[in-house]
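> Input file: target-v1.pdb. Contents: PDB, C-alpha atoms and all ligand atoms.
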```pdb
ATOM      1  CA  MET U   1     -43.911  69.719  43.909
ATOM      2  CA  GLY U   2     -45.745  67.260  41.664
ATOM      3  CA  ILE U   3     -49.480  66.951  41.675
ATOM      4  CA  TRP U   4     -49.376  63.512  43.217
ATOM      5  CA  ASP U   5     -47.148  64.794  46.050
ATOM      6  CA  SER U   6     -49.872  67.337  46.636
ATOM      7  CA  VAL U   7     -52.334  64.482  46.836
ATOM      8  CA  ALA U   8     -50.210  62.899  49.570
ATOM      9  CA  ARG U   9     -49.867  66.220  51.390
ATOM     10  CA  LEU U  10     -53.544  66.945  51.151
ATOM     11  CA  LEU U  11     -54.430  63.472  52.354
ATOM     12  CA  GLY U  12     -53.077  64.658  55.710
ATOM     13  CA  ARG U  13     -56.058  67.048  55.799
ATOM     14  CA  LYS U  14     -58.501  64.431  54.563
ATOM     15  CA  LYS U  15     -60.502  64.476  57.782
ATOM     16  CA  ASP U  16     -61.282  68.211  57.483
ATOM     17  CA  ILE U  17     -62.973  67.911  54.093
ATOM     18  CA  LYS U  18     -64.812  64.741  55.060
ATOM     19  CA  GLN U  19     -66.332  66.547  58.008
ATOM     20  CA  GLU U  20     -68.002  69.028  55.662
ATOM     21  CA  PHE U  21     -70.371  66.336  54.429
ATOM     22  CA  ALA U  22     -73.024  64.214  56.087
ATOM     23  CA  SER U  23     -72.672  61.537  53.402
ATOM     24  CA  ILE U  24     -70.074  61.155  50.674
ATOM     25  CA  PRO U  25     -71.058  59.423  47.440
ATOM     26  CA  LYS U  26     -69.035  56.240  47.206
ATOM     27  CA  HIS U  27     -68.752  56.579  43.417
ATOM     28  CA  ILE U  28     -68.729  59.807  41.397
ATOM     29  CA  ALA U  29     -68.789  59.668  37.586
ATOM     30  CA  ILE U  30     -67.839  62.724  35.540
ATOM     31  CA  ILE U  31     -68.410  63.847  31.948
ATOM     32  CA  PRO U  32     -65.769  66.586  31.675
ATOM     33  CA  ASP U  33     -67.258  68.705  28.902
ATOM     34  CA  GLY U  34     -66.270  72.085  27.504
ATOM     35  CA  ASN U  35     -62.499  71.951  26.905
ATOM     36  CA  GLY U  36     -62.953  73.099  23.290
ATOM     37  CA  ARG U  37     -65.267  75.983  24.194
ATOM     38  CA  TRP U  38     -62.906  77.065  26.981
ATOM     39  CA  ALA U  39     -60.100  77.384  24.419
ATOM     40  CA  LYS U  40     -62.293  79.009  21.745
ATOM     41  CA  LYS U  41     -63.422  81.715  24.175
ATOM     42  CA  ARG U  42     -59.768  82.651  24.586
ATOM     43  CA  GLY U  43     -58.887  82.399  20.886
ATOM     44  CA  LEU U  44     -56.689  79.372  21.597
ATOM     45  CA  PRO U  45     -56.442  75.990  19.824
ATOM     46  CA  ARG U  46     -58.769  73.285  21.190
ATOM     47  CA  ASN U  47     -55.757  71.250  22.302
ATOM     48  CA  VAL U  48     -54.866  73.948  24.825
ATOM     49  CA  GLY U  49     -58.341  73.426  26.297
ATOM     50  CA  HIS U  50     -57.670  69.707  26.636
ATOM     51  CA  ARG U  51     -54.350  70.395  28.378
ATOM     52  CA  GLU U  52     -56.083  72.712  30.837
ATOM     53  CA  GLY U  53     -58.746  70.014  31.186
ATOM     54  CA  SER U  54     -56.152  67.470  32.242
ATOM     55  CA  MET U  55     -54.956  69.872  34.953
ATOM     56  CA  ALA U  56     -58.532  70.335  36.159
ATOM     57  CA  LEU U  57     -58.806  66.557  36.346
ATOM     58  CA  LYS U  58     -55.784  66.393  38.636
ATOM     59  CA  LYS U  59     -57.369  68.990  40.949
ATOM     60  CA  VAL U  60     -60.587  67.016  41.065
ATOM     61  CA  VAL U  61     -58.728  63.753  41.755
ATOM     62  CA  ILE U  62     -56.979  65.434  44.694
ATOM     63  CA  TYR U  63     -60.250  66.760  46.025
ATOM     64  CA  CYS U  64     -62.064  63.443  45.737
ATOM     65  CA  SER U  65     -59.182  61.600  47.455
ATOM     66  CA  GLU U  66     -59.291  64.093  50.257
ATOM     67  CA  ALA U  67     -63.064  63.886  50.584
ATOM     68  CA  GLY U  68     -62.965  60.108  50.883
ATOM     69  CA  VAL U  69     -64.694  59.290  47.588
ATOM     70  CA  LYS U  70     -63.891  55.648  46.858
ATOM     71  CA  TYR U  71     -64.411  55.587  43.053
ATOM     72  CA  LEU U  72     -64.049  58.380  40.492
ATOM     73  CA  THR U  73     -64.881  57.464  36.888
ATOM     74  CA  VAL U  74     -64.024  59.967  34.145
ATOM     75  CA  TYR U  75     -65.189  59.894  30.526
ATOM     76  CA  ALA U  76     -61.964  60.972  28.824
ATOM     77  CA  PHE U  77     -62.387  59.578  25.271
ATOM     78  CA  SER U  78     -65.521  58.021  23.818
ATOM     79  CA  THR U  79     -65.958  55.593  20.937
ATOM     80  CA  GLU U  80     -67.515  58.552  19.085
ATOM     81  CA  ASN U  81     -64.583  60.908  19.698
ATOM     82  CA  TRP U  82     -62.655  59.262  16.802
ATOM     83  CA  LYS U  83     -64.852  61.416  14.536
ATOM     84  CA  ARG U  84     -62.831  64.487  15.559
ATOM     85  CA  PRO U  85     -60.008  65.821  13.360
ATOM     86  CA  LYS U  86     -56.915  63.604  13.450
ATOM     87  CA  SER U  87     -54.832  66.444  14.916
ATOM     88  CA  GLU U  88     -57.185  66.699  17.912
ATOM     89  CA  VAL U  89     -57.336  62.933  18.411
ATOM     90  CA  ASP U  90     -53.530  62.696  18.248
ATOM     91  CA  ALA U  91     -53.152  65.538  20.742
ATOM     92  CA  LEU U  92     -55.609  63.880  23.137
ATOM     93  CA  MET U  93     -53.762  60.550  22.886
ATOM     94  CA  SER U  94     -50.418  62.266  23.600
ATOM     95  CA  LEU U  95     -51.968  64.085  26.547
ATOM     96  CA  LEU U  96     -53.252  60.809  27.942
ATOM     97  CA  VAL U  97     -49.816  59.199  27.616
ATOM     98  CA  GLU U  98     -48.325  62.217  29.385
ATOM     99  CA  PHE U  99     -50.983  62.122  32.105
ATOM    100  CA  LEU U 100     -50.296  58.460  32.852
ATOM    101  CA  ARG U 101     -46.524  58.928  32.671
ATOM    102  CA  ASN U 102     -46.618  61.797  35.152
ATOM    103  CA  ALA U 103     -48.922  59.838  37.393
ATOM    104  CA  GLU U 104     -46.288  57.116  37.474
ATOM    105  CA  LYS U 105     -43.487  59.581  38.260
ATOM    106  CA  GLU U 106     -45.371  61.575  40.869
ATOM    107  CA  LEU U 107     -47.637  58.954  42.362
ATOM    108  CA  ASP U 108     -45.616  58.086  45.447
ATOM    109  CA  GLY U 109     -47.814  58.387  48.518
ATOM    110  CA  SER U 110     -51.086  59.243  46.794
ATOM    111  CA  ASN U 111     -52.488  55.722  47.115
ATOM    112  CA  VAL U 112     -54.640  56.258  43.970
ATOM    113  CA  LYS U 113     -55.382  53.116  41.982
ATOM    114  CA  ILE U 114     -55.758  53.765  38.250
ATOM    115  CA  LYS U 115     -57.799  51.569  35.940
ATOM    116  CA  VAL U 116     -58.668  52.174  32.293
ATOM    117  CA  ILE U 117     -62.127  51.164  31.131
ATOM    118  CA  GLY U 118     -63.053  50.663  27.483
ATOM    119  CA  ASP U 119     -61.804  48.954  24.340
ATOM    120  CA  VAL U 120     -58.115  49.404  25.165
ATOM    121  CA  LYS U 121     -56.981  47.324  22.143
ATOM    122  CA  GLY U 122     -58.273  50.071  19.837
ATOM    123  CA  LEU U 123     -55.928  52.666  21.378
ATOM    124  CA  PRO U 124     -52.435  53.573  20.086
ATOM    125  CA  GLU U 125     -49.776  51.092  21.166
ATOM    126  CA  GLU U 126     -47.795  53.664  23.156
ATOM    127  CA  LEU U 127     -50.891  54.463  25.212
ATOM    128  CA  GLN U 128     -51.676  50.781  25.722
ATOM    129  CA  LYS U 129     -48.176  50.274  27.134
ATOM    130  CA  GLU U 130     -48.601  53.191  29.557
ATOM    131  CA  ILE U 131     -51.950  51.815  30.658
ATOM    132  CA  ILE U 132     -50.496  48.387  31.445
ATOM    133  CA  ARG U 133     -47.597  49.997  33.312
ATOM    134  CA  VAL U 134     -49.642  52.421  35.404
ATOM    135  CA  GLU U 135     -52.332  49.858  36.243
ATOM    136  CA  LYS U 136     -49.643  47.473  37.443
ATOM    137  CA  LEU U 137     -47.816  50.182  39.366
ATOM    138  CA  THR U 138     -50.910  51.424  41.190
ATOM    139  CA  GLY U 139     -52.626  48.038  41.447
ATOM    140  CA  ILE U 140     -51.666  47.558  45.088
ATOM    141  CA  ASN U 141     -52.997  50.974  46.184
ATOM    142  CA  ASN U 142     -56.203  51.057  48.192
ATOM    143  CA  GLY U 143     -57.133  54.752  48.192
ATOM    144  CA  LEU U 144     -59.256  56.413  45.512
ATOM    145  CA  ASN U 145     -60.021  54.182  42.515
ATOM    146  CA  LEU U 146     -59.569  56.423  39.471
ATOM    147  CA  ASN U 147     -61.260  54.851  36.451
ATOM    148  CA  ILE U 148     -60.419  56.554  33.157
ATOM    149  CA  CYS U 149     -62.808  55.651  30.340
ATOM    150  CA  LEU U 150     -60.936  55.508  27.037
ATOM    151  CA  ASN U 151     -62.363  54.343  23.736
ATOM    152  CA  TYR U 152     -65.434  53.728  25.865
ATOM    153  CA  GLY U 153     -69.058  53.665  24.725
ATOM    154  CA  GLY U 154     -72.021  52.426  26.738
ATOM    155  CA  ARG U 155     -73.567  50.690  23.714
ATOM    156  CA  LEU U 156     -70.265  49.007  22.820
ATOM    157  CA  GLU U 157     -69.962  47.806  26.409
ATOM    158  CA  LEU U 158     -73.496  46.360  26.358
ATOM    159  CA  LEU U 159     -72.824  44.584  23.047
ATOM    160  CA  HIS U 160     -69.569  43.226  24.449
ATOM    161  CA  ALA U 161     -71.483  41.823  27.455
ATOM    162  CA  VAL U 162     -74.193  40.307  25.231
ATOM    163  CA  LYS U 163     -71.538  38.549  23.143
ATOM    164  CA  GLU U 164     -69.815  37.182  26.253
ATOM    165  CA  ILE U 165     -73.136  35.845  27.535
ATOM    166  CA  ALA U 166     -73.882  34.295  24.121
ATOM    167  CA  VAL U 167     -70.512  32.504  24.110
ATOM    168  CA  LYS U 168     -71.203  31.095  27.601
ATOM    169  CA  VAL U 169     -74.646  29.878  26.532
ATOM    170  CA  LYS U 170     -73.353  28.387  23.281
ATOM    171  CA  SER U 171     -70.589  26.508  25.070
ATOM    172  CA  GLY U 172     -73.086  25.113  27.603
ATOM    173  CA  ASN U 173     -71.539  26.980  30.549
ATOM    174  CA  LEU U 174     -74.658  29.075  31.134
ATOM    175  CA  LYS U 175     -78.370  28.312  30.836
ATOM    176  CA  ILE U 176     -80.682  30.997  29.417
ATOM    177  CA  ASP U 177     -82.691  30.912  32.657
ATOM    178  CA  GLU U 178     -79.540  31.715  34.600
ATOM    179  CA  ILE U 179     -79.040  35.067  32.830
ATOM    180  CA  ASP U 180     -79.829  37.681  35.462
ATOM    181  CA  GLU U 181     -78.589  41.181  36.347
ATOM    182  CA  ARG U 182     -75.688  39.864  38.411
ATOM    183  CA  GLN U 183     -74.572  37.571  35.590
ATOM    184  CA  PHE U 184     -74.885  40.387  33.025
ATOM    185  CA  GLU U 185     -72.974  42.869  35.189
ATOM    186  CA  SER U 186     -70.101  40.431  35.520
ATOM    187  CA  CYS U 187     -69.629  40.761  31.733
ATOM    188  CA  LEU U 188     -69.446  44.586  31.717
ATOM    189  CA  TYR U 189     -66.123  46.444  31.592
ATOM    190  CA  THR U 190     -67.041  47.837  35.018
ATOM    191  CA  SER U 191     -67.470  44.424  36.628
ATOM    192  CA  GLY U 192     -66.638  44.713  40.328
ATOM    193  CA  ILE U 193     -67.092  48.492  40.418
ATOM    194  CA  PRO U 194     -70.204  49.729  42.242
ATOM    195  CA  GLU U 195     -72.722  51.801  40.249
ATOM    196  CA  PRO U 196     -72.143  55.573  40.319
ATOM    197  CA  ASP U 197     -74.086  57.379  43.037
ATOM    198  CA  LEU U 198     -73.592  60.765  41.414
ATOM    199  CA  LEU U 199     -72.931  61.762  37.802
ATOM    200  CA  ILE U 200     -71.592  65.258  37.147
ATOM    201  CA  ARG U 201     -71.571  66.846  33.692
ATOM    202  CA  THR U 202     -69.980  70.213  33.093
ATOM    203  CA  SER U 203     -70.487  72.963  30.495
ATOM    204  CA  GLY U 204     -74.277  73.209  30.765
ATOM    205  CA  GLU U 205     -75.017  70.242  28.491
ATOM    206  CA  GLN U 206     -77.587  67.866  29.970
ATOM    207  CA  ARG U 207     -77.297  64.479  28.316
ATOM    208  CA  ILE U 208     -75.638  61.128  28.982
ATOM    209  CA  SER U 209     -73.750  60.797  25.655
ATOM    210  CA  ASN U 210     -73.415  57.002  25.705
ATOM    211  CA  PHE U 211     -71.764  56.950  29.139
ATOM    212  CA  LEU U 212     -72.361  54.097  31.635
ATOM    213  CA  LEU U 213     -75.832  53.373  30.226
ATOM    214  CA  TRP U 214     -76.479  50.276  32.343
ATOM    215  CA  GLN U 215     -74.718  51.547  35.460
ATOM    216  CA  CYS U 216     -76.576  54.893  35.687
ATOM    217  CA  ALA U 217     -80.033  53.331  36.107
ATOM    218  CA  TYR U 218     -80.406  54.908  39.581
ATOM    219  CA  THR U 219     -77.598  57.458  39.573
ATOM    220  CA  GLU U 220     -78.299  61.037  40.712
ATOM    221  CA  PHE U 221     -77.396  63.670  38.088
ATOM    222  CA  TRP U 222     -75.824  67.078  38.696
ATOM    223  CA  PHE U 223     -75.119  69.597  35.954
ATOM    224  CA  ILE U 224     -72.605  72.434  36.225
ATOM    225  CA  ASN U 225     -72.509  75.429  33.873
ATOM    226  CA  GLU U 226     -68.726  75.903  34.165
ATOM    227  CA  LEU U 227     -66.549  74.591  31.364
ATOM    228  CA  TRP U 228     -64.412  71.657  32.515
ATOM    229  CA  PRO U 229     -61.033  73.501  32.677
ATOM    230  CA  ASP U 230     -62.612  75.963  35.157
ATOM    231  CA  VAL U 231     -63.783  73.218  37.503
ATOM    232  CA  ASN U 232     -62.121  72.635  40.873
ATOM    233  CA  GLY U 233     -62.842  71.050  44.257
ATOM    234  CA  SER U 234     -65.412  73.689  45.207
ATOM    235  CA  HIS U 235     -67.665  72.560  42.343
ATOM    236  CA  ILE U 236     -67.380  68.969  43.487
ATOM    237  CA  ALA U 237     -68.201  70.056  47.050
ATOM    238  CA  GLU U 238     -71.335  71.802  45.728
ATOM    239  CA  ALA U 239     -72.347  68.658  43.867
ATOM    240  CA  ILE U 240     -71.858  66.513  46.983
ATOM    241  CA  LYS U 241     -73.941  68.978  49.052
ATOM    242  CA  ALA U 242     -76.748  68.733  46.494
ATOM    243  CA  TYR U 243     -76.432  64.936  46.468
ATOM    244  CA  GLU U 244     -76.887  64.841  50.241
ATOM    245  CA  LYS U 245     -80.310  66.399  49.838
ATOM    246  CA  ARG U 246     -81.502  63.860  47.259
ATOM    247  CA  ASN U 247     -84.018  61.260  48.299
ATOM    248  CA  ARG U 248     -82.911  58.012  46.671
ATOM    249  CA  ARG U 249     -85.700  55.478  46.522
ATOM    250  CA  PHE U 250     -84.472  53.047  43.847
ATOM    251  CA  GLY U 251     -88.049  52.499  42.731
ATOM    252  CA  GLY U 252     -89.263  51.828  46.278
ATOM    253  CA  LEU U 253     -91.014  54.078  48.760
ATOM    254  CA  GLU U 254     -89.538  56.747  50.966
ATOM    255  CA  GLN U 255     -88.028  55.313  54.172
TER
HETATM  256  C1  LIG T 301     -64.890  67.335  26.272
HETATM  257  O1  LIG T 301     -64.611  68.634  25.820
HETATM  258  C2  LIG T 301     -63.683  66.658  26.626
HETATM  259  C3  LIG T 301     -63.152  65.584  25.946
HETATM  260  C4  LIG T 301     -63.716  64.987  24.734
HETATM  261  C5  LIG T 301     -61.932  64.950  26.417
HETATM  262  C6  LIG T 301     -61.796  64.901  27.888
HETATM  263  C7  LIG T 301     -60.400  65.230  28.174
HETATM  264  C8  LIG T 301     -59.924  65.684  29.328
HETATM  265  C9  LIG T 301     -60.735  65.854  30.547
HETATM  266  C10 LIG T 301     -58.528  66.090  29.423
HETATM  267  C11 LIG T 301     -57.621  65.001  29.149
HETATM  268  C12 LIG T 301     -57.786  63.909  30.103
HETATM  269  C13 LIG T 301     -56.788  63.217  30.554
HETATM  270  C14 LIG T 301     -57.043  62.056  31.451
HETATM  271  C15 LIG T 301     -55.413  63.548  30.191
HETATM  272  P1  LIG T 301     -64.978  68.987  24.303
HETATM  273  O2  LIG T 301     -63.753  68.839  23.490
HETATM  274  O3  LIG T 301     -66.148  68.168  23.888
HETATM  275  O4  LIG T 301     -65.373  70.489  24.463
HETATM  276  P2  LIG T 301     -66.511  71.278  23.633
HETATM  277  O5  LIG T 301     -67.807  70.574  23.911
HETATM  278  O6  LIG T 301     -66.461  72.650  24.229
HETATM  279  O7  LIG T 301     -66.095  71.227  22.210
END
```
Will you turn the file into structure tokens for me?

Amino acid sequence: MGIWDSVARLLGRKKDIKQEFASIPKHIAIIPDGNGRWAKKRGLPRNVGHREGSMALKKVVIYCSEAGVKYLTVYAFSTENWKRPKSEVDALMSLLVEFLRNAEKELDGSNVKIKVIGDVKGLPEELQKEIIRVEKLTGINNGLNLNICLNYGGRLELLHAVKEIAVKVKSGNLKIDEIDERQFESCLYTSGIPEPDLLIRTSGEQRISNFLLWQCAYTEFWFINELWPDVNGSHIAEAIKAYEKRNRRFGGLEQ
């Protein structure tokens, strides 16, 4: 049985998982860190860690669907990741193509809507084609929104938005006084996607690494010591439980 069939099967039990939580974050963002270290610990090539990482991602997608999370945004390849050896970059790109291809084949019934966020034009052509295909295929779904960040950098995204605003001002379509948060957000890659409620980073590292810099202004952070390939639904459940206890004030006073 394919992973996406499992999603469909598990969706039948969706209610059970939902009942475990008093409040589910609408949007969870994830920095899946530690694939390389997972492989190194076992004396395996880094690429094996990435493959295991892609399987962990599928498990987490299933869990989040089942829990009723509406948006899941995953940092799969940053604008800085091009600095890695070509062999690793190539392997990651092939893995991404494979991931999207399998999603297409096995998606029936999962209701997951896939969107890629980032500078897609800078990605290999084969991957770009898969992205267009899978986004179109899943575009009508209304279950979990799975956003995969590829060739994504928070600074690049902010610069992209600034340039778009500048073009609007220069062409007379926007007055400087009209530039506000709403206007700016509409120029981000994530336009239309609510800000993450919870950001999870694995592998014990505690930094944001150029991820969703604007969007995480009031996001709650949760760090997990496990390396990404070892992560499963139980870790996400733990993160949601911790999130429930947070007191979100957004700069205001406690209610
Ligand atoms: C961080 O581990 C992970 C990445 C840079 C890539 C993320 C990739 C995946 C989650 C798997 C592939 C995803 C899809 C959608 C197919 P690292 O390499 O930085 O690990 P290290 O810090 O231990 O070296």
> Provide an axis-aligned box for all listed atoms of ligand LIG 301 (chain T), padding each side by 8 Å; report its centre and its edge lengths in Å to one decimal, as AutoDock Vina command-line options.

```
--center_x -61.6 --center_y 67.4 --center_z 26.8 --size_x 28.4 --size_y 26.6 --size_z 25.2
```
> Residues of stretch 120-205 of chain U that have any atom at most 10 Å from an atom of stretch 235-240 of chain U: could you tabulate them with the shortest-distance atom pair and the distance in Å to one decimal, using all atoms listed in the file, ordered by chain and increasing number, as JSON lines?

```
{"residue": "U:Leu198", "atom": "CA", "partner": "U:Ile240", "partner_atom": "CA", "distance": 8.2}
{"residue": "U:Leu199", "atom": "CA", "partner": "U:Ala239", "partner_atom": "CA", "distance": 9.2}
{"residue": "U:Ile200", "atom": "CA", "partner": "U:Ala239", "partner_atom": "CA", "distance": 7.6}
{"residue": "U:Thr202", "atom": "CA", "partner": "U:His235", "partner_atom": "CA", "distance": 9.8}
```
> Evaluate the PyMOL selection byres (((not hetatm)) within 7 of (chain T and resi 301)) and record the selected residues as number ranges by chain, following the chain and residue labels used in the document.
U: 32-38, 50-51, 53-54, 57, 75-77, 81, 92, 95-96, 99, 148
> Quick one: residues within 9 Å of U:Ile17, all atoms listed in the file counted, chain neighbours fewer than 6 positions away excluded, as a PyMOL selection string?
chain U and resi 63+66-68
> Which neighbours of U:Ser94 fall inside 12 Å, counting all atoms listed in the file, when residues of the same chain fewer than 4 positions from it are skipped, and could you give them as a PDB file with C-alpha atoms, in the coordinates of the input?

```pdb
ATOM      1  CA  ASN U  47     -55.757  71.250  22.302  1.00  0.00           C
ATOM      2  CA  HIS U  50     -57.670  69.707  26.636  1.00  0.00           C
ATOM      3  CA  ARG U  51     -54.350  70.395  28.378  1.00  0.00           C
ATOM      4  CA  SER U  54     -56.152  67.470  32.242  1.00  0.00           C
ATOM      5  CA  SER U  87     -54.832  66.444  14.916  1.00  0.00           C
ATOM      6  CA  GLU U  88     -57.185  66.699  17.912  1.00  0.00           C
ATOM      7  CA  VAL U  89     -57.336  62.933  18.411  1.00  0.00           C
ATOM      8  CA  ASP U  90     -53.530  62.696  18.248  1.00  0.00           C
ATOM      9  CA  GLU U  98     -48.325  62.217  29.385  1.00  0.00           C
ATOM     10  CA  PHE U  99     -50.983  62.122  32.105  1.00  0.00           C
ATOM     11  CA  LEU U 100     -50.296  58.460  32.852  1.00  0.00           C
ATOM     12  CA  ARG U 101     -46.524  58.928  32.671  1.00  0.00           C
ATOM     13  CA  LEU U 123     -55.928  52.666  21.378  1.00  0.00           C
ATOM     14  CA  PRO U 124     -52.435  53.573  20.086  1.00  0.00           C
ATOM     15  CA  GLU U 125     -49.776  51.092  21.166  1.00  0.00           C
ATOM     16  CA  GLU U 126     -47.795  53.664  23.156  1.00  0.00           C
ATOM     17  CA  LEU U 127     -50.891  54.463  25.212  1.00  0.00           C
ATOM     18  CA  GLN U 128     -51.676  50.781  25.722  1.00  0.00           C
ATOM     19  CA  GLU U 130     -48.601  53.191  29.557  1.00  0.00           C
TER      20      GLU U 130
END
```
> Written as a list of chain:residue names, what is the full residue list that the PyMOL selection byres (((chain U and resi 210) around 7) and not hetatm) yields on the file shown?
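On the file shown, the PyMOL selection byres (((chain U and resi 210) around 7) and not hetatm) covers U:Gly153, U:Gly154, U:Arg155, U:Ile208, U:Ser209, U:Phe211, U:Leu212, U:Leu213.
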> State, in Å with one decimal place, the distance from atom CA of U:Lys241 to atom CA of U:Asn145.
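Those two atoms sit 21.3 Å apart.
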> Name all residues at most 12 Å from U:Ile132 (count only C-alpha atoms; drop same-chain ones fewer than 6 positions away) and give them as a list in words.
Val97, Leu100, Arg101, Glu104, Ile114, Lys115, Val116, Ile117, Val120, Lys121, Glu125, Glu126, Thr138 and Gly139 of chain U
> What would the selection look like, as a list in words, if the PyMOL selection byres (((chain U and resi 183) around 12) and not hetatm) were run on the coordinates I just shared?
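Taken over the shown coordinates, the PyMOL selection byres (((chain U and resi 183) around 12) and not hetatm) returns Ala161, Val162, Glu164, Ile165, Ala166, Lys168, Val169, Leu174, Lys175, Ile176, Asp177, Glu178, Ile179, Asp180, Glu181, Arg182, Phe184, Glu185, Ser186, Cys187, Leu188, Ser191 and Gly192 of chain U.
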> For a test of reading the model, state the distance in Å between atom CA of U:Ser23 and atom CA of U:Glu244, rounded to one decimal.
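Going from atom CA of U:Ser23 over to atom CA of U:Glu244, I get 6.2 Å.
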> Which residue, U:Ser78, U:Asn102, U:Ser110, U:Ser203, has the smallest gap to U:Ile62 when you use all atoms listed in the file?
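Checking each candidate against U:Ile62, we get U:Ser110 as the closest.
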> Which of these, U:Val134, U:Val60, U:Leu156, U:Ile30, has the shortest distance to U:Cys216 once you count only C-alpha atoms?
U:Ile30
> Restricting the calculation to all atoms listed in the file: of U:Lys83, U:Lys70, U:His160, U:His27, which residue gets closest to U:Gln215?
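Of all the options, U:His27 lies closest to U:Gln215.
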> Quick one: distance from atom CA of U:Leu253 to atom CA of U:Glu220 in Å, one decimal?
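Atom CA of U:Glu220 lies at a distance of 16.6 Å from atom CA of U:Leu253.
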> Under the rule that all atoms listed in the file are counted, which of U:Asp119, U:Asp197, U:Asp16, U:Glu52 is the nearest residue to U:Glu157?
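Smallest distance to U:Glu157 is found for U:Asp119.
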> Please tell me which residues are no farther than 9 Å from (-61.1, 52.2, 47.4) in the file, counting all atoms listed in the file, and write them as a short mmCIF file (atom, residue, chain, number, x, y, z; two decimals) with C-alpha atoms, in the coordinates of the input.

```cif
data_model
loop_
_atom_site.label_atom_id
_atom_site.label_comp_id
_atom_site.auth_asym_id
_atom_site.auth_seq_id
_atom_site.Cartn_x
_atom_site.Cartn_y
_atom_site.Cartn_z
CA LYS U 26 -69.04 56.24 47.21
CA GLY U 68 -62.96 60.11 50.88
CA VAL U 69 -64.69 59.29 47.59
CA LYS U 70 -63.89 55.65 46.86
CA TYR U 71 -64.41 55.59 43.05
CA VAL U 112 -54.64 56.26 43.97
CA LYS U 113 -55.38 53.12 41.98
CA ASN U 141 -53.00 50.97 46.18
CA ASN U 142 -56.20 51.06 48.19
CA GLY U 143 -57.13 54.75 48.19
CA LEU U 144 -59.26 56.41 45.51
CA ASN U 145 -60.02 54.18 42.52
#
```
> With distances taken over only C-alpha atoms, which residue among U:Glu205, U:Asn232, U:Lys86, U:Arg248 lies nearest U:Thr219?
U:Arg248
